[in-house]
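All remarks here apply to the structure that follows.
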Amino acid sequence: MDPLTAFGLASTAFGAIKTAFEHGREIESMIGDIGRWSNAVYDFNAGHQKEKERLNRFATVEEEALESYLYKQQIKEQENELRNMVNMRFGPQAWQEIVEIQKEIRLERKRAKEQAQKEHDEFMYNLATVGIVAFFAVATLGIVYTVVTGIWFS
């Protein structure tokens with residue numbers, strides 16, 4: 001996802017969280033919004049990293065740097081506000097625990113994705129091996145059949 005879209009999603013989700021919190025809703029009832037905000041921030045950071053690696057010909061270096069800085073600052077402000085809301089509700093270490101749990105979940109998902117890719121690669125390798133063996137077996141049987149029946153010698 002491109003960084004601008006991810007930032008828009010994060011801002012929208014944060015607006016919903018902030019409004020709900022101001023109207024007295026409990027953090028527990030905002031889990032979906034907090035999850036959407038977290039995913040959007042993750043997508044923003046990942047997309048921002050990809051954009052840095054790609055050459056952007058439509059913006060000057062100064063424009064790109066300023067835009068990037070402003071988006072990152074706004075996300076930091078949103079994170080600080082959200083951290084304060086969560087810490088007020090669940091205690092001073094709650095946000096850090098949430099961050100650790102997110103890290104563990106992302107690591108587990110990454111491992112699962114790598115394992116699935118490895119299994120897919122092994123399956124394709126085995127399929128190719130069976131295909132090659134089958135091709136040579138059919139070719140060999142064809143040659144043996146023609147020799148036995150004497151098609152070439154008649």
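Chains: A, B, ... in order of the structure tokens. Residues: from 1 per chain. Ligands: from 1, in order shown.
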
Excluding range 32-44 of chain A and residues on its chain fewer than 2 positions from it, collect all residues at most 7 Å away from it, counting only C-alpha atoms, and give them as a PyMOL selection string.
-> chain A and resi 1+3+6-7+9-10+13-14+16-17+30+46-48

Residues at most 7 Å from Trp95 in chain A, counting only C-alpha atoms, excluding those fewer than 6 positions away in the same chain, as JSON, numbers by chain?
-> {"A": [83, 86, 87]}

For Gly15 in chain A, which residue out of A:Val61, A:Leu82, A:Val148, A:Leu127 is the nearest one, using only C-alpha atoms?
->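 Checking each candidate against Gly15 in chain A, we get A:Leu82 as the closest.
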
Which residue of A:Asn45, A:Gln96, A:Gly24, A:Glu64 approaches Asp2 in chain A most closely, using only C-alpha atoms = A:Asn45

Which residue of A:Phe90, A:Leu4, A:Phe21, A:Asn126 approaches Leu70 in chain A most closely, using only C-alpha atoms =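 Closest candidate: A:Leu4.
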
Have a look at A:Arg109, A:Asp121, A:Ile132, A:Met85 and name the one nearest to Glu28 in chain A; count only C-alpha atoms.
-> A:Met85

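Straight-line separation from CA of Lys113 in chain A to CA of Tyr125 in chain A: 18.3 Å.
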
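Note that the spacing between CA of Ala137 in chain A and CA of His120 in chain A amounts to 25.4 Å.
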
In chain A, what's alpha helix (DSSP H) per DSSP? Answer as a VMD selection string?
-> chain A and resid 3 to 22 31 to 53 61 to 90 94 to 149

Got time to write the residues from that selection, C-alpha atoms, as a short mmCIF file (atom, residue, chain, number, x, y, z; two decimals), in the first residue's frame?
data_model
loop_
_atom_site.label_atom_id
_atom_site.label_comp_id
_atom_site.auth_asym_id
_atom_site.auth_seq_id
_atom_site.Cartn_x
_atom_site.Cartn_y
_atom_site.Cartn_z
CA PRO A 3 2.27 5.64 2.15
CA LEU A 4 -0.28 8.36 1.38
CA THR A 5 -3.21 5.93 1.40
CA ALA A 6 -1.91 4.24 4.56
CA PHE A 7 -1.54 7.61 6.26
CA GLY A 8 -5.11 8.51 5.30
CA LEU A 9 -6.38 5.24 6.77
CA ALA A 10 -4.39 5.80 9.95
CA SER A 11 -5.74 9.33 10.34
CA THR A 12 -9.32 8.18 9.75
CA ALA A 13 -9.01 5.35 12.26
CA PHE A 14 -7.37 7.63 14.80
CA GLY A 15 -10.14 10.20 14.38
CA ALA A 16 -12.70 7.50 15.15
CA ILE A 17 -10.70 6.39 18.21
CA LYS A 18 -10.32 9.92 19.53
CA THR A 19 -13.98 10.76 19.02
CA ALA A 20 -15.11 7.56 20.71
CA PHE A 21 -12.74 8.13 23.63
CA GLU A 22 -13.99 11.72 24.05
CA ILE A 31 -10.34 -2.65 19.39
CA GLY A 32 -11.31 -2.69 15.70
CA ASP A 33 -10.41 0.99 15.26
CA ILE A 34 -7.13 0.56 17.12
CA GLY A 35 -6.31 -2.47 14.98
CA ARG A 36 -7.06 -0.54 11.78
CA TRP A 37 -4.85 2.31 12.99
CA SER A 38 -2.00 -0.06 13.86
CA ASN A 39 -2.22 -1.84 10.50
CA ALA A 40 -2.29 1.47 8.64
CA VAL A 41 0.78 2.72 10.52
CA TYR A 42 2.59 -0.54 9.76
CA ASP A 43 1.59 -0.23 6.09
CA PHE A 44 2.70 3.41 6.09
CA ASN A 45 6.13 2.53 7.44
CA ALA A 46 6.53 -0.39 5.03
CA GLY A 47 5.30 1.67 2.09
CA HIS A 48 7.49 4.59 3.09
CA GLN A 49 10.53 2.31 3.11
CA LYS A 50 9.65 1.04 -0.38
CA GLU A 51 9.14 4.61 -1.61
CA LYS A 52 12.57 5.58 -0.30
CA GLU A 53 14.10 2.75 -2.33
CA VAL A 61 14.02 16.02 -2.67
CA GLU A 62 12.97 18.87 -0.40
CA GLU A 63 9.25 18.26 -0.99
CA GLU A 64 9.59 14.56 -0.42
CA ALA A 65 11.63 15.08 2.77
CA LEU A 66 9.18 17.63 4.18
CA GLU A 67 6.16 15.50 3.34
CA SER A 68 7.77 12.44 4.87
CA TYR A 69 8.72 14.35 8.02
CA LEU A 70 5.23 15.78 8.48
CA TYR A 71 3.53 12.43 8.06
CA LYS A 72 5.91 10.76 10.49
CA GLN A 73 5.40 13.53 13.06
CA GLN A 74 1.62 13.26 12.81
CA ILE A 75 1.81 9.50 13.29
CA LYS A 76 4.07 10.00 16.34
CA GLU A 77 1.55 12.43 17.82
CA GLN A 78 -1.28 9.98 17.19
CA GLU A 79 0.74 7.19 18.77
CA ASN A 80 1.49 9.32 21.83
CA GLU A 81 -2.18 10.15 22.31
CA LEU A 82 -3.20 6.54 21.84
CA ARG A 83 -0.46 5.37 24.22
CA ASN A 84 -1.73 7.81 26.86
CA MET A 85 -5.32 6.57 26.43
CA VAL A 86 -4.29 2.91 26.76
CA ASN A 87 -1.91 3.56 29.66
CA MET A 88 -4.58 5.55 31.54
CA ARG A 89 -6.98 2.64 31.20
CA PHE A 90 -4.66 -0.35 31.77
CA ALA A 94 0.17 -1.53 28.86
CA TRP A 95 1.34 0.11 25.65
CA GLN A 96 4.75 -1.55 25.84
CA GLU A 97 3.10 -4.92 26.32
CA ILE A 98 0.90 -4.29 23.28
CA VAL A 99 3.95 -3.41 21.19
CA GLU A 100 5.71 -6.61 22.31
CA ILE A 101 2.64 -8.71 21.44
CA GLN A 102 2.47 -7.04 18.01
CA LYS A 103 6.13 -7.85 17.44
CA GLU A 104 5.58 -11.50 18.36
CA ILE A 105 2.53 -11.80 16.10
CA ARG A 106 4.35 -10.20 13.16
CA LEU A 107 7.32 -12.49 13.68
CA GLU A 108 5.06 -15.56 13.82
CA ARG A 109 3.24 -14.47 10.65
CA LYS A 110 6.56 -13.91 8.92
CA ARG A 111 7.72 -17.39 9.93
CA ALA A 112 4.46 -18.92 8.72
CA LYS A 113 4.76 -17.09 5.40
CA GLU A 114 8.36 -18.25 4.98
CA GLN A 115 7.35 -21.82 5.84
CA ALA A 116 4.52 -21.72 3.31
CA GLN A 117 6.91 -20.38 0.67
CA LYS A 118 9.42 -23.12 1.50
CA GLU A 119 6.74 -25.80 1.20
CA HIS A 120 5.58 -24.34 -2.11
CA ASP A 121 9.14 -24.29 -3.44
CA GLU A 122 9.68 -27.91 -2.37
CA PHE A 123 6.40 -28.95 -4.02
CA MET A 124 7.37 -27.24 -7.29
CA TYR A 125 10.81 -28.86 -7.18
CA ASN A 126 9.29 -32.30 -6.62
CA LEU A 127 6.71 -31.71 -9.34
CA ALA A 128 9.44 -30.71 -11.80
CA THR A 129 11.53 -33.75 -10.83
CA VAL A 130 8.59 -36.10 -11.35
CA GLY A 131 7.82 -34.41 -14.66
CA ILE A 132 11.40 -34.81 -15.92
CA VAL A 133 11.58 -38.44 -14.78
CA ALA A 134 8.20 -39.16 -16.43
CA PHE A 135 9.34 -37.51 -19.68
CA PHE A 136 12.50 -39.59 -19.85
CA ALA A 137 10.59 -42.75 -18.88
CA VAL A 138 8.07 -42.20 -21.68
CA ALA A 139 10.87 -41.39 -24.15
CA THR A 140 12.80 -44.52 -23.13
CA LEU A 141 9.70 -46.70 -23.39
CA GLY A 142 8.97 -45.21 -26.80
CA ILE A 143 12.46 -46.03 -28.03
CA VAL A 144 12.28 -49.58 -26.59
CA TYR A 145 8.87 -50.09 -28.21
CA THR A 146 10.11 -48.99 -31.61
CA VAL A 147 13.16 -51.25 -31.35
CA VAL A 148 11.12 -54.25 -30.20
CA THR A 149 8.44 -53.85 -32.85
#
